[in-house]
Amino acid sequence: MGADGTARKAPAKKAPGQKSQAKKRPPQNRPPKKKKVKRPPRTLKLGRPTLRLRVTFGVMAFVLSLFAGRLVLLQGVDPDSYALAATRENTKPFVLHASRGAILDRNGVPLSVSEDAVAITADPTQTSKVAPQLAQILAPKLTGTTYAKLVTAMTGKGRFAYLARQVSPQTWNAIEAELKTRNAAISEQNEGKPQDQQAPLLAGIYTEDDPIRSHPNGTIAANVVGVVGADGKGLSGLEYGMNDKLSGQDGKAMYEVDTKGNKIPNANHTVQEPKPGVTAQLTLDADLQWFAEKRIEQAVKQYKATSGTVVTQDVKSGEILAMANYPTFDPNKPVKSSELYNPALEQVYEPGSVQKVVTMAALADAGLIDLNTKLKVPGSITVQRRTIKDHFEHGTLDLTIAGVIAKSSNVGTIMAAQQMRVPQFVKYLKDFGFGAPTGLNFPGESRGLMPPGDEWSELTRSNVAFGQGLSANAVQMTAAVNAVANGGVYVPPKLVRNYVDANGTVIPNPSGASRRVVSEKAAKEVSTMMEAVTAKGGTATQAAIDGYRVAGKTGTAQEVDSACGCYRKWATSFAGFAPADNPRFVTYVVLQNPTNGRSGGGQGGPVFRDVMSYALQKYVVPPTGAKQPVVPLEW
C-alpha cells in the first residue's frame, strides 16, 4: 500500500539468466568549477639581529657564571679540601715498620734479633704495561713466588701490591742493578723515535723496610724463644707470647710522587713515626742452656727415649737458668708447625717418685713424721682391693723414713701418707703449685691435672702420694722441689728478667709473690732425707758430685699410651739441688719413654750431675766443706 492509498505492485521476479538494467540518474544541475587563484611566492623573512645577539650573550653569560661559581668554590669557599683531594691523587703511602725488640739471655747474648731486609712492592698503575718484563727479572731472584704470581700482582687494581717480603739487601741490590741496566738499554733504543713508538721504561717497583728475624746462636733455647712469621708477628714461644711488647707500633708516611711514582724532593709529606718494640732480657744463661741441651740430647739418644727435658732454677730468685729440650729445631731454617713446641711447659705426665719429696714435706710440716720415724714396710700393700708394690721385690723391711725415700719405697710412702686427712693433703699439693699455671704466661702452657675436689678415695690418695694419678710439667716439678731447697718457701719461677726500651732504659720484670708452704724445719728434714738418695745405699749414687753435698730424688712413672689408653710407657726422672746445706740451684731432668733401660737414678742422675756441676763451676759456687750427715736407712 502506498502513501496515497493505492496498492503497490510487487516487484517482478527475474527470470533465471536475465540481467538487470541499471537505472539512469536524472540530470543534475552542478555549479561551474571555480578557477584557482595563483598566490605570490613566499619570501624569507630576516630575523631581528638584536634578539639573536641577546640570546647569544645570555647563553655565554650563563656558561661564564658556572665557571665563575666553580672558581669561587675552589678558591674561596673550601680551597683546602679540594687541594687535599688533588694531593691524594698524587701521593703514595709508605709503611714505616717499627723495629722489633731483641730477645737476649741474662748476660746480653742475643738469642733472637732483627736484621735489615726489604719488602719489594709494586704500583700496578705503573707496572701493568711492563709486568712480563719485570717478572722475568724478579722471578729468578726471589723465593716463595712465581712468574705468574708476580705478573698477577703487578697487573691488579689499586696502587700498591706486595711482591716479596724479607728480601736480603744483597738480593735487592742485584735486582736494582739489573733494572738500571735494562732501562739504560731501553732509553738508548728509544732515542730518535716518536713518542708514541717509544718502549716504556721498567718502572713502578719500590722497597720498604721489612726486617728479618735471625737467631745468631741457632738452636739455643729455640723451643723457648720461638719463631716469627713472614708477616713479622710471633708464631710460637716468647716471640708469640710477648708479641705486643716486642713488635712495637708501625708508623706511616705519605709522600707526593710524580707520574712515575717517584718521591718529589722537598714536596709536602706527612710522617707518623713508628714506635720501636722493647727488648726482652731473659733469665736464661746461654752457656748453661747450650750445655744442658747437648747433655739431654746425649741422654735421649743413649737411652732411646722419645724426648727429654732439663730445667735449672736459681733457688732464691726463682730465675730459670736453663730450659733445655730435645728434640729441638733450628729457627734459622724452615720449621714444621709440629716442632713449635716447648715440652718443658706444654707436656704433662705423671711425675712418679719425685712427687714423694712433696708428700714427705707435707707430712713433716704437719708433724706426722720426722727423721726418727720408723716403719715396717711389707713387699706390697692393698688399698681398696688394689695391690701396690715397690719397684723391687722384698719381704718386710724395717725402714726409717729416710730409708723410705732413699730406696724410693711406694709402700712405705703410702703407709706414711695414710696418716694425713685427704683435704689437708690436697691443700698442700695446691700450695706447691700443682694444678695451677706457673705464672710464666708462656703460650700453650699446661697447668697439669689433679683429681677434682678434695674428697678423694683412699686409692687416689695413695697413688698421688707416690706420683701417680696426677700430672705436671717439668717446670712445675722443678718449682715444687725448689720450695724444699728454699727452706719451705715457694718462689714462682721467672723467665723474663728485664725489659729494655728504645732509649736503653731497663725496666725490671716484677717477680711473683713468694709464699711459705712448709716450715723451715720440715724442709730441712726432707733435704736430709734426699741426701741419703745420692749417698751409699741410695738409688742415685750416680748423681753425686765430688766435694759437694747433693740432695736428690729419683722418679720412674708409668705413662698412658694414647694409642691404647693403657699404661705401657714410662718416664724416668731425677730432681736435686746443691749444695744441699746451702742450696744455690735446683736441676730437674726427665726422659720420656726410654726403651734402653728404665731408671731415674741411672738415666737422669748422670745428666743432673753434669748440668749441676757446670752451673756450680760457672757461677763459682764453692763447696761448703761440711760433711754429709750419716742418716740410718734401717732400724
# chains A, B, ... in the order shown; residues from 1 in each chain; ligands from 1
call {"tool": "select_by_dssp", "arguments": {"residues": "stretch 245-494 of chain A", "states": "strand (DSSP E or B)", "output": "ChimeraX atom specification"}}
result
/A:249,251-257,263,269-272,275,279-282,307-314,319-326,349,374-377,380-383,386-389,397-400,449,471-472,489-490,494
call {"tool": "closest_atom_pairs", "arguments": {"of": "stretch 369-472 of chain A", "to": "stretch 318-323 of chain A", "cutoff": "12 Å", "atoms": "only C-alpha atoms", "output": "tab-separated table"}}
result
residue	atom	partner	partner_atom	distance
A:Thr438	CA	A:Gly318	CA	11.1
A:Gly439	CA	A:Gly318	CA	11.5
A:Leu440	CA	A:Ile320	CA	10.5
call {"tool": "write_last_selection", "arguments": {"atoms": "all heavy atoms", "output": "short mmCIF file (atom, residue, chain, number, x, y, z; two decimals), in the first residue's frame"}}
result
data_model
loop_
_atom_site.label_atom_id
_atom_site.label_comp_id
_atom_site.auth_asym_id
_atom_site.auth_seq_id
_atom_site.Cartn_x
_atom_site.Cartn_y
_atom_site.Cartn_z
N THR A 438 102.18 -21.85 86.15
CA THR A 438 103.42 -21.47 86.82
C THR A 438 103.54 -19.96 87.00
O THR A 438 104.36 -19.50 87.79
CB THR A 438 104.63 -21.95 86.01
OG1 THR A 438 104.59 -21.35 84.71
CG2 THR A 438 104.62 -23.47 85.87
N GLY A 439 102.76 -19.19 86.25
CA GLY A 439 102.87 -17.74 86.29
C GLY A 439 103.80 -17.18 85.24
O GLY A 439 103.99 -15.96 85.15
N LEU A 440 104.37 -18.04 84.40
CA LEU A 440 105.27 -17.58 83.34
C LEU A 440 104.50 -17.00 82.15
O LEU A 440 105.09 -16.33 81.29
CB LEU A 440 106.16 -18.73 82.85
CG LEU A 440 107.15 -19.29 83.87
CD1 LEU A 440 107.92 -20.46 83.28
CD2 LEU A 440 108.12 -18.21 84.33
#
call {"tool": "closest_atom_pairs", "arguments": {"of": "stretch 178-277 of chain A", "to": "stretch 326-338 of chain A", "cutoff": "8 Å", "atoms": "only C-alpha atoms", "output": "tab-separated table"}}
result
residue	atom	partner	partner_atom	distance
A:Ser214	CA	A:Asn332	CA	6.4
A:His215	CA	A:Asn332	CA	6.2
A:Gly218	CA	A:Asp330	CA	5.6
A:Thr219	CA	A:Asp330	CA	4.8
A:Ala222	CA	A:Pro331	CA	6.4
A:Asn223	CA	A:Thr328	CA	6.5
A:Gly226	CA	A:Pro331	CA	7.5
A:Val227	CA	A:Pro331	CA	6.3
call {"tool": "residues_around", "arguments": {"residues": "A:Glu350", "least_positions_apart": "5", "cutoff": "8 Å", "atoms": "only C-alpha atoms", "output": "PyMOL selection string"}}
result
chain A and resi 467-472+557-559+571
call {"tool": "residues_around", "arguments": {"residues": "stretch 280-292 of chain A", "least_positions_apart": "2", "cutoff": "8 Å", "atoms": "only C-alpha atoms", "output": "PyMOL selection string"}}
result
chain A and resi 101-109+220-221+246+278+294-296+310+319-324+494-500+611+614-615
call {"tool": "select_by_dssp", "arguments": {"residues": "stretch 173-331 of chain A", "states": "helix (DSSP H, G or I)", "output": "ChimeraX atom specification"}}
result
/A:173-190,195-197,222-225,237-241,243-247,286-302
call {"tool": "atom_distance", "arguments": {"atom1": "atom CA of A:Gly565", "atom2": "atom CA of A:Val589"}}
result
25.5 Å
call {"tool": "residues_around", "arguments": {"residues": "A:Tyr206", "least_positions_apart": "3", "cutoff": "9 Å", "atoms": "only C-alpha atoms", "output": "list in words"}}
result
Ala119, Ile120, Thr121, Ala122, Asp123 and Ala203 of chain A
call {"tool": "closest_residue", "arguments": {"among": "A:Val631, A:Ser613, A:Gly605, A:Leu375", "to": "A:Ala299", "atoms": "only C-alpha atoms"}}
result
A:Gly605
call {"tool": "closest_residue", "arguments": {"among": "A:Ser99, A:Ser168, A:Asn593, A:Thr460", "to": "A:Thr306", "atoms": "only C-alpha atoms"}}
result
A:Asn593
call {"tool": "atom_distance", "arguments": {"atom1": "atom CA of A:Ser114", "atom2": "atom CA of A:Pro216"}}
result
10.2 Å
